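Trainee: Structure file coords.cif (mmCIF, N, CA and C atoms) right here:
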data_coords
#
loop_
_atom_site.label_atom_id
_atom_site.label_comp_id
_atom_site.auth_asym_id
_atom_site.auth_seq_id
_atom_site.Cartn_x
_atom_site.Cartn_y
_atom_site.Cartn_z
N MET A 2 1.28 33.89 -4.20
CA MET A 2 0.68 34.62 -3.09
C MET A 2 -0.35 33.70 -2.45
N GLY A 3 -0.37 33.66 -1.14
CA GLY A 3 -1.30 32.81 -0.42
C GLY A 3 -2.71 33.32 -0.51
N GLU A 4 -3.67 32.46 -0.20
CA GLU A 4 -5.09 32.81 -0.24
C GLU A 4 -5.41 33.97 0.68
N THR A 5 -4.80 33.97 1.87
CA THR A 5 -5.04 35.04 2.83
C THR A 5 -4.55 36.38 2.28
N SER A 6 -3.36 36.40 1.69
CA SER A 6 -2.82 37.62 1.11
C SER A 6 -3.70 38.12 -0.03
N TYR A 7 -4.15 37.20 -0.87
CA TYR A 7 -5.00 37.57 -1.99
C TYR A 7 -6.30 38.18 -1.49
N LYS A 8 -6.91 37.56 -0.49
CA LYS A 8 -8.16 38.05 0.07
C LYS A 8 -7.97 39.44 0.70
N SER A 9 -6.88 39.62 1.44
CA SER A 9 -6.59 40.92 2.05
C SER A 9 -6.40 41.99 0.99
N ASN A 10 -5.67 41.66 -0.07
CA ASN A 10 -5.46 42.62 -1.15
C ASN A 10 -6.77 42.98 -1.83
N ARG A 11 -7.61 41.98 -2.05
CA ARG A 11 -8.91 42.22 -2.69
C ARG A 11 -9.76 43.11 -1.80
N ASN A 12 -9.76 42.85 -0.48
CA ASN A 12 -10.53 43.67 0.46
C ASN A 12 -10.01 45.09 0.50
N LEU A 13 -8.70 45.25 0.43
CA LEU A 13 -8.10 46.59 0.44
C LEU A 13 -8.51 47.37 -0.81
N LEU A 14 -8.41 46.72 -1.95
CA LEU A 14 -8.75 47.40 -3.20
C LEU A 14 -10.23 47.76 -3.27
N GLY A 15 -11.09 47.00 -2.60
CA GLY A 15 -12.52 47.27 -2.62
C GLY A 15 -13.00 48.15 -1.47
N ALA A 16 -12.09 48.55 -0.60
CA ALA A 16 -12.48 49.36 0.56
C ALA A 16 -12.87 50.77 0.16
N GLU A 17 -13.83 51.33 0.90
CA GLU A 17 -14.26 52.71 0.65
C GLU A 17 -13.19 53.70 1.06
N SER A 18 -12.45 53.37 2.13
CA SER A 18 -11.37 54.25 2.59
C SER A 18 -10.33 53.41 3.31
N ILE A 19 -9.14 53.95 3.42
CA ILE A 19 -8.10 53.23 4.13
C ILE A 19 -8.46 53.11 5.62
N ALA A 20 -9.10 54.12 6.16
CA ALA A 20 -9.50 54.09 7.58
C ALA A 20 -10.46 52.94 7.84
N SER A 21 -11.42 52.73 6.95
CA SER A 21 -12.37 51.64 7.15
C SER A 21 -11.68 50.28 7.01
N PHE A 22 -10.75 50.18 6.05
CA PHE A 22 -10.02 48.93 5.89
C PHE A 22 -9.20 48.61 7.14
N LEU A 23 -8.48 49.62 7.65
CA LEU A 23 -7.65 49.41 8.84
C LEU A 23 -8.50 49.06 10.05
N ALA A 24 -9.64 49.71 10.20
CA ALA A 24 -10.53 49.42 11.32
C ALA A 24 -11.08 48.00 11.23
N THR A 25 -11.49 47.59 10.05
CA THR A 25 -12.06 46.27 9.84
C THR A 25 -11.02 45.17 10.04
N ASN A 26 -9.78 45.45 9.67
CA ASN A 26 -8.74 44.43 9.69
C ASN A 26 -7.72 44.61 10.82
N GLN A 27 -8.08 45.40 11.80
CA GLN A 27 -7.16 45.73 12.90
C GLN A 27 -6.55 44.50 13.56
N ASN A 28 -7.34 43.47 13.76
CA ASN A 28 -6.84 42.27 14.45
C ASN A 28 -5.90 41.44 13.59
N ASN A 29 -5.87 41.69 12.29
CA ASN A 29 -5.01 40.92 11.39
C ASN A 29 -3.71 41.63 11.04
N MET A 30 -3.55 42.86 11.50
CA MET A 30 -2.36 43.64 11.17
C MET A 30 -1.18 43.20 12.03
N LEU A 31 -0.01 43.23 11.42
CA LEU A 31 1.21 42.89 12.13
C LEU A 31 1.91 44.19 12.52
N TYR A 32 2.05 44.40 13.81
CA TYR A 32 2.68 45.62 14.32
C TYR A 32 3.99 45.28 15.04
N MET A 33 4.69 44.30 14.56
CA MET A 33 5.92 43.87 15.20
C MET A 33 7.11 44.18 14.30
N THR A 34 8.25 44.38 14.95
CA THR A 34 9.49 44.43 14.20
C THR A 34 9.90 43.00 13.91
N LEU A 35 10.86 42.83 13.01
CA LEU A 35 11.35 41.49 12.71
C LEU A 35 11.90 40.83 13.97
N SER A 36 12.68 41.55 14.75
CA SER A 36 13.27 40.94 15.95
C SER A 36 12.18 40.55 16.95
N GLU A 37 11.15 41.36 17.12
CA GLU A 37 10.04 41.01 18.01
C GLU A 37 9.34 39.74 17.52
N TYR A 38 9.15 39.67 16.21
CA TYR A 38 8.49 38.51 15.63
C TYR A 38 9.33 37.25 15.82
N LEU A 39 10.64 37.36 15.59
CA LEU A 39 11.52 36.21 15.77
C LEU A 39 11.52 35.74 17.23
N MET A 40 11.52 36.68 18.16
CA MET A 40 11.48 36.32 19.57
C MET A 40 10.15 35.64 19.91
N ALA A 41 9.06 36.12 19.33
CA ALA A 41 7.75 35.49 19.55
C ALA A 41 7.74 34.07 18.99
N LEU A 42 8.36 33.87 17.82
CA LEU A 42 8.44 32.53 17.25
C LEU A 42 9.26 31.59 18.14
N LEU A 43 10.35 32.11 18.69
CA LEU A 43 11.16 31.30 19.61
C LEU A 43 10.29 30.79 20.75
N LYS A 44 9.57 31.71 21.36
CA LYS A 44 8.73 31.35 22.51
C LYS A 44 7.63 30.37 22.09
N GLN A 45 6.97 30.67 20.98
CA GLN A 45 5.87 29.84 20.49
C GLN A 45 6.34 28.42 20.18
N ARG A 46 7.55 28.29 19.65
CA ARG A 46 8.07 26.99 19.24
C ARG A 46 8.93 26.33 20.33
N ASN A 47 9.00 27.01 21.49
CA ASN A 47 9.75 26.49 22.63
C ASN A 47 11.21 26.19 22.27
N LEU A 48 11.84 27.17 21.61
CA LEU A 48 13.23 27.05 21.19
C LEU A 48 14.08 28.10 21.89
N ARG A 49 15.38 27.91 21.84
CA ARG A 49 16.34 28.91 22.32
C ARG A 49 17.09 29.44 21.10
N ARG A 50 17.68 30.61 21.26
CA ARG A 50 18.49 31.15 20.15
C ARG A 50 19.62 30.20 19.79
N SER A 51 20.16 29.52 20.76
CA SER A 51 21.25 28.57 20.48
C SER A 51 20.76 27.43 19.57
N ASP A 52 19.48 27.06 19.68
CA ASP A 52 18.90 26.06 18.78
C ASP A 52 18.88 26.59 17.35
N VAL A 53 18.51 27.85 17.22
CA VAL A 53 18.45 28.48 15.89
C VAL A 53 19.84 28.57 15.29
N VAL A 54 20.82 28.92 16.12
CA VAL A 54 22.21 28.99 15.64
C VAL A 54 22.62 27.62 15.10
N ARG A 55 22.41 26.59 15.88
CA ARG A 55 22.79 25.23 15.49
C ARG A 55 22.11 24.80 14.19
N ASP A 56 20.81 25.06 14.08
CA ASP A 56 20.04 24.53 12.96
C ASP A 56 19.96 25.46 11.76
N SER A 57 20.51 26.67 11.88
CA SER A 57 20.52 27.59 10.74
C SER A 57 21.86 27.58 10.01
N GLY A 58 22.91 27.11 10.68
CA GLY A 58 24.23 27.11 10.08
C GLY A 58 24.91 28.47 10.11
N LEU A 59 24.32 29.43 10.80
CA LEU A 59 24.87 30.78 10.87
C LEU A 59 25.70 30.95 12.14
N GLU A 60 26.53 31.99 12.14
CA GLU A 60 27.37 32.27 13.30
C GLU A 60 26.53 32.78 14.47
N LYS A 61 26.93 32.38 15.66
CA LYS A 61 26.19 32.71 16.88
C LYS A 61 26.01 34.22 17.05
N ALA A 62 27.10 34.98 16.96
CA ALA A 62 27.01 36.43 17.18
C ALA A 62 26.06 37.08 16.19
N TYR A 63 26.10 36.63 14.93
CA TYR A 63 25.24 37.19 13.89
C TYR A 63 23.76 36.92 14.20
N VAL A 64 23.45 35.70 14.56
CA VAL A 64 22.06 35.34 14.87
C VAL A 64 21.56 36.15 16.07
N TYR A 65 22.38 36.27 17.09
CA TYR A 65 21.98 37.03 18.27
C TYR A 65 21.75 38.50 17.93
N GLN A 66 22.58 39.06 17.06
CA GLN A 66 22.40 40.46 16.64
C GLN A 66 21.10 40.65 15.88
N ILE A 67 20.72 39.68 15.07
CA ILE A 67 19.45 39.75 14.34
C ILE A 67 18.29 39.68 15.33
N PHE A 68 18.34 38.74 16.25
CA PHE A 68 17.27 38.61 17.24
C PHE A 68 17.17 39.83 18.14
N ASN A 69 18.28 40.50 18.36
CA ASN A 69 18.29 41.72 19.19
C ASN A 69 17.94 42.97 18.38
N GLY A 70 17.74 42.83 17.08
CA GLY A 70 17.39 43.98 16.24
C GLY A 70 18.58 44.86 15.89
N GLU A 71 19.79 44.37 16.09
CA GLU A 71 20.99 45.15 15.81
C GLU A 71 21.46 45.02 14.37
N LYS A 72 21.09 43.95 13.70
CA LYS A 72 21.47 43.72 12.30
C LYS A 72 20.26 43.36 11.50
N LYS A 73 20.27 43.77 10.24
CA LYS A 73 19.22 43.38 9.29
C LYS A 73 19.83 42.29 8.40
N PRO A 74 19.27 41.10 8.45
CA PRO A 74 19.84 40.01 7.66
C PRO A 74 19.49 40.16 6.18
N SER A 75 20.33 39.59 5.33
CA SER A 75 19.99 39.48 3.91
C SER A 75 18.83 38.50 3.78
N ARG A 76 18.24 38.44 2.62
CA ARG A 76 17.12 37.51 2.39
C ARG A 76 17.58 36.07 2.64
N ASP A 77 18.75 35.69 2.12
CA ASP A 77 19.24 34.33 2.30
C ASP A 77 19.50 34.01 3.77
N LYS A 78 20.06 34.95 4.50
CA LYS A 78 20.34 34.71 5.92
C LYS A 78 19.03 34.59 6.71
N LEU A 79 18.03 35.38 6.32
CA LEU A 79 16.73 35.27 6.99
C LEU A 79 16.08 33.92 6.68
N ILE A 80 16.23 33.46 5.46
CA ILE A 80 15.72 32.12 5.11
C ILE A 80 16.44 31.07 5.96
N ALA A 81 17.76 31.22 6.13
CA ALA A 81 18.51 30.28 6.97
C ALA A 81 17.96 30.28 8.40
N ILE A 82 17.61 31.46 8.90
CA ILE A 82 17.03 31.55 10.25
C ILE A 82 15.69 30.83 10.30
N THR A 83 14.89 30.93 9.24
CA THR A 83 13.61 30.21 9.24
C THR A 83 13.83 28.70 9.29
N PHE A 84 14.92 28.24 8.66
CA PHE A 84 15.26 26.82 8.79
C PHE A 84 15.65 26.50 10.23
N GLY A 85 16.39 27.42 10.86
CA GLY A 85 16.77 27.23 12.25
C GLY A 85 15.58 27.18 13.19
N LEU A 86 14.51 27.87 12.81
CA LEU A 86 13.28 27.88 13.60
C LEU A 86 12.34 26.74 13.21
N HIS A 87 12.68 26.00 12.16
CA HIS A 87 11.86 24.89 11.66
C HIS A 87 10.46 25.37 11.28
N LEU A 88 10.40 26.47 10.54
CA LEU A 88 9.11 27.06 10.19
C LEU A 88 8.50 26.38 8.97
N PRO A 89 7.18 26.24 8.97
CA PRO A 89 6.49 25.78 7.77
C PRO A 89 6.44 26.91 6.73
N VAL A 90 5.96 26.61 5.56
CA VAL A 90 5.96 27.56 4.45
C VAL A 90 5.28 28.88 4.83
N GLU A 91 4.09 28.82 5.39
CA GLU A 91 3.34 30.05 5.69
C GLU A 91 4.12 30.98 6.63
N GLU A 92 4.71 30.41 7.67
CA GLU A 92 5.48 31.22 8.62
C GLU A 92 6.77 31.73 7.98
N THR A 93 7.37 30.93 7.11
CA THR A 93 8.56 31.38 6.39
C THR A 93 8.23 32.59 5.54
N GLN A 94 7.11 32.53 4.83
CA GLN A 94 6.68 33.65 3.98
C GLN A 94 6.42 34.90 4.82
N ARG A 95 5.75 34.74 5.93
CA ARG A 95 5.44 35.87 6.81
C ARG A 95 6.74 36.51 7.35
N THR A 96 7.69 35.66 7.71
CA THR A 96 8.97 36.16 8.22
C THR A 96 9.70 36.96 7.15
N LEU A 97 9.68 36.47 5.93
CA LEU A 97 10.33 37.21 4.83
C LEU A 97 9.66 38.57 4.63
N LYS A 98 8.34 38.60 4.67
CA LYS A 98 7.62 39.87 4.50
C LYS A 98 7.97 40.84 5.61
N LEU A 99 8.00 40.36 6.85
CA LEU A 99 8.35 41.24 7.98
C LEU A 99 9.79 41.73 7.88
N GLY A 100 10.64 40.94 7.26
CA GLY A 100 12.03 41.34 7.06
C GLY A 100 12.21 42.30 5.90
N GLY A 101 11.11 42.56 5.17
CA GLY A 101 11.17 43.49 4.05
C GLY A 101 11.56 42.85 2.74
N TYR A 102 11.40 41.54 2.65
CA TYR A 102 11.79 40.81 1.45
C TYR A 102 10.58 40.17 0.77
N SER A 103 10.76 39.83 -0.49
CA SER A 103 9.70 39.14 -1.21
C SER A 103 9.57 37.71 -0.70
N GLU A 104 8.35 37.21 -0.79
CA GLU A 104 8.09 35.82 -0.42
C GLU A 104 8.80 34.91 -1.41
N LEU A 105 9.00 33.67 -1.00
CA LEU A 105 9.49 32.66 -1.92
C LEU A 105 8.41 32.45 -2.98
N TYR A 106 8.83 32.40 -4.23
CA TYR A 106 7.90 32.33 -5.35
C TYR A 106 8.23 31.12 -6.21
N ALA A 107 7.28 30.21 -6.36
CA ALA A 107 7.51 28.93 -7.04
C ALA A 107 7.91 29.09 -8.50
N ARG A 108 7.64 30.23 -9.12
CA ARG A 108 8.03 30.42 -10.51
C ARG A 108 9.47 30.94 -10.67
N VAL A 109 10.11 31.22 -9.56
CA VAL A 109 11.55 31.53 -9.57
C VAL A 109 12.24 30.23 -9.20
N ALA A 110 13.04 29.70 -10.09
CA ALA A 110 13.58 28.35 -9.93
C ALA A 110 14.29 28.14 -8.59
N ARG A 111 15.16 29.06 -8.20
CA ARG A 111 15.88 28.89 -6.93
C ARG A 111 14.90 28.90 -5.75
N ASP A 112 13.93 29.81 -5.79
CA ASP A 112 12.90 29.85 -4.75
C ASP A 112 12.11 28.54 -4.72
N ALA A 113 11.85 27.96 -5.89
CA ALA A 113 11.10 26.70 -5.95
C ALA A 113 11.84 25.59 -5.22
N VAL A 114 13.17 25.56 -5.37
CA VAL A 114 13.97 24.55 -4.66
C VAL A 114 13.84 24.76 -3.15
N ILE A 115 13.93 26.01 -2.72
CA ILE A 115 13.82 26.31 -1.29
C ILE A 115 12.42 25.97 -0.77
N LEU A 116 11.39 26.35 -1.53
CA LEU A 116 10.01 26.01 -1.13
C LEU A 116 9.82 24.49 -1.02
N PHE A 117 10.38 23.77 -1.97
CA PHE A 117 10.31 22.31 -1.93
C PHE A 117 10.95 21.80 -0.64
N ALA A 118 12.12 22.33 -0.32
CA ALA A 118 12.83 21.90 0.88
C ALA A 118 12.04 22.21 2.15
N VAL A 119 11.48 23.42 2.22
CA VAL A 119 10.69 23.80 3.40
C VAL A 119 9.48 22.90 3.53
N SER A 120 8.77 22.71 2.43
CA SER A 120 7.53 21.92 2.50
C SER A 120 7.80 20.44 2.77
N HIS A 121 9.03 19.98 2.48
CA HIS A 121 9.39 18.59 2.76
C HIS A 121 10.26 18.47 4.01
N GLU A 122 10.27 19.54 4.82
CA GLU A 122 10.95 19.56 6.11
C GLU A 122 12.42 19.17 6.04
N LYS A 123 13.09 19.64 4.99
CA LYS A 123 14.53 19.43 4.86
C LYS A 123 15.25 20.40 5.79
N ASP A 124 16.45 20.05 6.22
CA ASP A 124 17.22 20.99 7.03
C ASP A 124 18.04 21.90 6.11
N ILE A 125 18.75 22.83 6.70
CA ILE A 125 19.49 23.82 5.93
C ILE A 125 20.57 23.17 5.07
N TRP A 126 21.21 22.10 5.56
CA TRP A 126 22.28 21.46 4.82
C TRP A 126 21.72 20.64 3.66
N GLU A 127 20.60 19.98 3.86
CA GLU A 127 19.94 19.27 2.76
C GLU A 127 19.48 20.27 1.70
N THR A 128 18.99 21.41 2.16
CA THR A 128 18.53 22.45 1.24
C THR A 128 19.69 22.99 0.42
N ASP A 129 20.80 23.28 1.09
CA ASP A 129 21.97 23.77 0.36
C ASP A 129 22.48 22.74 -0.64
N SER A 130 22.40 21.48 -0.28
CA SER A 130 22.81 20.42 -1.20
C SER A 130 21.89 20.40 -2.43
N LEU A 131 20.58 20.52 -2.20
CA LEU A 131 19.62 20.60 -3.32
C LEU A 131 19.92 21.80 -4.22
N LEU A 132 20.17 22.95 -3.58
CA LEU A 132 20.48 24.15 -4.36
C LEU A 132 21.75 23.94 -5.18
N HIS A 133 22.80 23.48 -4.53
CA HIS A 133 24.09 23.26 -5.20
C HIS A 133 23.96 22.26 -6.35
N ASN A 134 23.29 21.15 -6.08
CA ASN A 134 23.14 20.10 -7.10
C ASN A 134 22.30 20.54 -8.29
N ASN A 135 21.50 21.57 -8.09
CA ASN A 135 20.67 22.09 -9.20
C ASN A 135 21.26 23.36 -9.80
N GLY A 136 22.49 23.69 -9.43
CA GLY A 136 23.20 24.81 -10.05
C GLY A 136 22.85 26.18 -9.52
N PHE A 137 22.31 26.27 -8.31
CA PHE A 137 21.92 27.56 -7.72
C PHE A 137 22.85 27.91 -6.57
N PRO A 138 23.00 29.22 -6.30
CA PRO A 138 23.77 29.62 -5.12
C PRO A 138 23.12 29.07 -3.85
N THR A 139 23.95 28.64 -2.93
CA THR A 139 23.44 28.08 -1.69
C THR A 139 23.09 29.20 -0.71
N LEU A 140 22.41 28.84 0.34
CA LEU A 140 22.06 29.82 1.39
C LEU A 140 23.25 30.09 2.29
N LEU A 141 24.06 29.10 2.54
CA LEU A 141 25.24 29.26 3.36
C LEU A 141 26.45 29.42 2.44
N ALA A 142 27.62 29.10 2.90
CA ALA A 142 28.83 29.42 2.15
C ALA A 142 29.40 28.26 1.33
N LEU A 143 28.58 27.31 0.93
CA LEU A 143 29.09 26.17 0.17
C LEU A 143 29.79 26.60 -1.13
N ASP A 144 29.17 27.52 -1.84
CA ASP A 144 29.72 27.87 -3.17
C ASP A 144 29.81 29.38 -3.36
N LYS A 145 30.05 30.10 -2.28
CA LYS A 145 30.12 31.56 -2.40
C LYS A 145 31.55 32.00 -2.40
#
Kindly present the structure from the file in structure tokens form.

Mentor:
Amino acid sequence: MGETSYKSNRNLLGAESIASFLATNQNNMLYMTLSEYLMALLKQRNLRRSDVVRDSGLEKAYVYQIFNGEKKPSRDKLIAITFGLHLPVEETQRTLKLGGYSELYARVARDAVILFAVSHEKDIWETDSLLHNNGFPTLLALDK
């Protein structure tokens, strides 16, 4: 868990009431859907959805449906999208949380490989190769 998450959790647990916690932390709350967040990341990173399709290794129609809020991706597919967006670790973790999934956790061996790849700016294919070579299921369809 990141320092920010730990601090927020500590503040929440020490709050006198949920109303006071929400009021104090209003500017830090995320009120976006996953698709809204993904669209904001596109704009922020000056990318197009076609860039994400190319760099995520996912099918065009599927990626567009996720960005439009029509489909909920699996955890692995959402991770592939974060590779397509070229997100650093912190943004990858935030995207997973907004998608309703657990963050990548370094004590889970497969997650550790993915975290290593993200932090070393590997692409999706290099990451899948690392996963495959270490005996883990890949993010794409290499060994499924």

Trainee: Take the PyMOL selection byres (((chain A and resi 49-65 and name CA) around 6) and name CA), apply it to the structure above, and return the hits as number ranges by chain.

Mentor: A: 48, 66-68, 81-82, 84-86

Trainee: Looking at A:Pro89, A:Gly100, A:Gly15, A:Pro138, which one is nearest to Val119 (chain A), with distances taken over all atoms listed in the file?

Mentor: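 For Val119 (chain A), the nearest of the given residues is A:Pro89.
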
Trainee: Please indicate the distance in Å from atom N of Ala113 (chain A) to atom C of Lys44 (chain A), rounded to one decimal place.

Mentor: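 Between atom N of Ala113 (chain A) and atom C of Lys44 (chain A) the gap is 28.4 Å.
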
Trainee: Identify which of the residues A:Asp77, A:Glu91, A:Asp112, A:Glu71 lies closest to Leu140 (chain A), counting only C-alpha atoms when measuring atom-to-atom distances.

Mentor: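 For Leu140 (chain A), the nearest of the given residues is A:Asp77.
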
Trainee: So that I can check the surroundings of Phe22 (chain A), please list as a list of chain:residue names every protein, DNA and RNA residue that reaches within 8 Å of it, counting only C-alpha atoms and ignoring chain neighbours fewer than 6 positions away.

Mentor: A:Asn12, A:Leu13, A:Ala16

Trainee: Rank A:Asn69, A:Ser75, A:Thr83, A:Asn134 by their smallest atom-to-atom distance to Glu37 (chain A), using all atoms listed in the file, and report the top residue only.

Mentor: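 Closest residue, counting all atoms listed in the file: A:Asn69.
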
Trainee: Could you give me the residues within region 31-109 of chain A that DSSP places in alpha helix (DSSP H), as a ChimeraX atom specification?

Mentor: /A:35-45,50-57,61-68,76-85,90-99

Trainee: Using N, CA and C atoms, can you export the residues from the last selection as a compact mmCIF listing (two decimals), in the frame of the given file?

Mentor:
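And here's out-v9.txt as it stands now:
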# COMPACT_ATOMS: atom_id res chain seq x y z
N LEU A 35 10.86 42.83 13.01
CA LEU A 35 11.35 41.49 12.71
C LEU A 35 11.90 40.83 13.97
N SER A 36 12.68 41.55 14.75
CA SER A 36 13.27 40.94 15.95
C SER A 36 12.18 40.55 16.95
N GLU A 37 11.15 41.36 17.12
CA GLU A 37 10.04 41.01 18.01
C GLU A 37 9.34 39.74 17.52
N TYR A 38 9.15 39.67 16.21
CA TYR A 38 8.49 38.51 15.63
C TYR A 38 9.33 37.25 15.82
N LEU A 39 10.64 37.36 15.59
CA LEU A 39 11.52 36.21 15.77
C LEU A 39 11.52 35.74 17.23
N MET A 40 11.52 36.68 18.16
CA MET A 40 11.48 36.32 19.57
C MET A 40 10.15 35.64 19.91
N ALA A 41 9.06 36.12 19.33
CA ALA A 41 7.75 35.49 19.55
C ALA A 41 7.74 34.07 18.99
N LEU A 42 8.36 33.87 17.82
CA LEU A 42 8.44 32.53 17.25
C LEU A 42 9.26 31.59 18.14
N LEU A 43 10.35 32.11 18.69
CA LEU A 43 11.16 31.30 19.61
C LEU A 43 10.29 30.79 20.75
N LYS A 44 9.57 31.71 21.36
CA LYS A 44 8.73 31.35 22.51
C LYS A 44 7.63 30.37 22.09
N GLN A 45 6.97 30.67 20.98
CA GLN A 45 5.87 29.84 20.49
C GLN A 45 6.34 28.42 20.18
N ARG A 50 17.68 30.61 21.26
CA ARG A 50 18.49 31.15 20.15
C ARG A 50 19.62 30.20 19.79
N SER A 51 20.16 29.52 20.76
CA SER A 51 21.25 28.57 20.48
C SER A 51 20.76 27.43 19.57
N ASP A 52 19.48 27.06 19.68
CA ASP A 52 18.90 26.06 18.78
C ASP A 52 18.88 26.59 17.35
N VAL A 53 18.51 27.85 17.22
CA VAL A 53 18.45 28.48 15.89
C VAL A 53 19.84 28.57 15.29
N VAL A 54 20.82 28.92 16.12
CA VAL A 54 22.21 28.99 15.64
C VAL A 54 22.62 27.62 15.10
N ARG A 55 22.41 26.59 15.88
CA ARG A 55 22.79 25.23 15.49
C ARG A 55 22.11 24.80 14.19
N ASP A 56 20.81 25.06 14.08
CA ASP A 56 20.04 24.53 12.96
C ASP A 56 19.96 25.46 11.76
N SER A 57 20.51 26.67 11.88
CA SER A 57 20.52 27.59 10.74
C SER A 57 21.86 27.58 10.01
N LYS A 61 26.93 32.38 15.66
CA LYS A 61 26.19 32.71 16.88
C LYS A 61 26.01 34.22 17.05
N ALA A 62 27.10 34.98 16.96
CA ALA A 62 27.01 36.43 17.18
C ALA A 62 26.06 37.08 16.19
N TYR A 63 26.10 36.63 14.93
CA TYR A 63 25.24 37.19 13.89
C TYR A 63 23.76 36.92 14.20
N VAL A 64 23.45 35.70 14.56
CA VAL A 64 22.06 35.34 14.87
C VAL A 64 21.56 36.15 16.07
N TYR A 65 22.38 36.27 17.09
CA TYR A 65 21.98 37.03 18.27
C TYR A 65 21.75 38.50 17.93
N GLN A 66 22.58 39.06 17.06
CA GLN A 66 22.40 40.46 16.64
C GLN A 66 21.10 40.65 15.88
N ILE A 67 20.72 39.68 15.07
CA ILE A 67 19.45 39.75 14.34
C ILE A 67 18.29 39.68 15.33
N PHE A 68 18.34 38.74 16.25
CA PHE A 68 17.27 38.61 17.24
C PHE A 68 17.17 39.83 18.14
N ARG A 76 18.24 38.44 2.62
CA ARG A 76 17.12 37.51 2.39
C ARG A 76 17.58 36.07 2.64
N ASP A 77 18.75 35.69 2.12
CA ASP A 77 19.24 34.33 2.30
C ASP A 77 19.50 34.01 3.77
N LYS A 78 20.06 34.95 4.50
CA LYS A 78 20.34 34.71 5.92
C LYS A 78 19.03 34.59 6.71
N LEU A 79 18.03 35.38 6.32
CA LEU A 79 16.73 35.27 6.99
C LEU A 79 16.08 33.92 6.68
N ILE A 80 16.23 33.46 5.46
CA ILE A 80 15.72 32.12 5.11
C ILE A 80 16.44 31.07 5.96
N ALA A 81 17.76 31.22 6.13
CA ALA A 81 18.51 30.28 6.97
C ALA A 81 17.96 30.28 8.40
N ILE A 82 17.61 31.46 8.90
CA ILE A 82 17.03 31.55 10.25
C ILE A 82 15.69 30.83 10.30
N THR A 83 14.89 30.93 9.24
CA THR A 83 13.61 30.21 9.24
C THR A 83 13.83 28.70 9.29
N PHE A 84 14.92 28.24 8.66
CA PHE A 84 15.26 26.82 8.79
C PHE A 84 15.65 26.50 10.23
N GLY A 85 16.39 27.42 10.86
CA GLY A 85 16.77 27.23 12.25
C GLY A 85 15.58 27.18 13.19
N VAL A 90 5.96 26.61 5.56
CA VAL A 90 5.96 27.56 4.45
C VAL A 90 5.28 28.88 4.83
N GLU A 91 4.09 28.82 5.39
CA GLU A 91 3.34 30.05 5.69
C GLU A 91 4.12 30.98 6.63
N GLU A 92 4.71 30.41 7.67
CA GLU A 92 5.48 31.22 8.62
C GLU A 92 6.77 31.73 7.98
N THR A 93 7.37 30.93 7.11
CA THR A 93 8.56 31.38 6.39
C THR A 93 8.23 32.59 5.54
N GLN A 94 7.11 32.53 4.83
CA GLN A 94 6.68 33.65 3.98
C GLN A 94 6.42 34.90 4.82
N ARG A 95 5.75 34.74 5.93
CA ARG A 95 5.44 35.87 6.81
C ARG A 95 6.74 36.51 7.35
N THR A 96 7.69 35.66 7.71
CA THR A 96 8.97 36.16 8.22
C THR A 96 9.70 36.96 7.15
N LEU A 97 9.68 36.47 5.93
CA LEU A 97 10.33 37.21 4.83
C LEU A 97 9.66 38.57 4.63
N LYS A 98 8.34 38.60 4.67
CA LYS A 98 7.62 39.87 4.50
C LYS A 98 7.97 40.84 5.61
N LEU A 99 8.00 40.36 6.85
CA LEU A 99 8.35 41.24 7.98
C LEU A 99 9.79 41.73 7.88

Trainee: Using 5 Å of padding on each side, determine the axis-aligned box around all atoms of region 74-91 of chain A present in the file and give its centre and edge lengths in Å to one decimal, as lines of an AutoDock Vina configuration file.

Mentor:
center_x = 11.8
center_y = 33.0
center_z = 7.9
size_x = 27.0
size_y = 26.2
size_z = 21.5

Trainee: Excluding same-chain residues fewer than 3 positions from Glu122 (chain A), what lies within 8 Å of it counting only N, CA and C atoms, as a ChimeraX atom specification?

Mentor: /A:87-89,116-119,125,128

Trainee: So what do you get for atom C of Ile115 (chain A) versus CA of Ile80 (chain A), distance-wise?

Mentor: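 The value is 9.1 Å.
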
Trainee: Which is closer to Gly101 (chain A) than all the others in A:Ser120, A:Arg76, A:Val114, A:Asn47, using all atoms listed in the file?

Mentor: A:Arg76

Trainee: Tell me, in Å to one decimal, how far CA of Lys72 (chain A) is from CA of Thr96 (chain A).

Mentor: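 These atoms are spaced 15.2 Å apart.
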
Trainee: Excluding same-chain residues fewer than 5 positions from Met33 (chain A), what lies within 8 Å of it counting only N, CA and C atoms, as a short mmCIF file (atom, residue, chain, number, x, y, z; two decimals) with N, CA and C atoms, in the coordinates of the input?

Mentor:
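Everything below was put into result-v3.cif:
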data_model
loop_
_atom_site.label_atom_id
_atom_site.label_comp_id
_atom_site.auth_asym_id
_atom_site.auth_seq_id
_atom_site.Cartn_x
_atom_site.Cartn_y
_atom_site.Cartn_z
N TYR A 38 9.15 39.67 16.21
CA TYR A 38 8.49 38.51 15.63
C TYR A 38 9.33 37.25 15.82
N LEU A 39 10.64 37.36 15.59
CA LEU A 39 11.52 36.21 15.77
C LEU A 39 11.52 35.74 17.23
N LEU A 99 8.00 40.36 6.85
CA LEU A 99 8.35 41.24 7.98
C LEU A 99 9.79 41.73 7.88
#

Trainee: Here is a test: counting only C-alpha atoms, which residue of A:Ala24, A:Glu17, A:Arg11, A:His121 is nearest to Val90 (chain A)?

Mentor: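 Of all the options, A:His121 lies closest to Val90 (chain A).
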
Trainee: I need the residue nearest Thr34 (chain A) from this list: A:Leu141, A:Val109, A:Leu97, A:Leu131. Use only C-alpha atoms for the distance.

Mentor: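 Using only C-alpha atoms, the shortest distance to Thr34 (chain A) belongs to A:Leu97.
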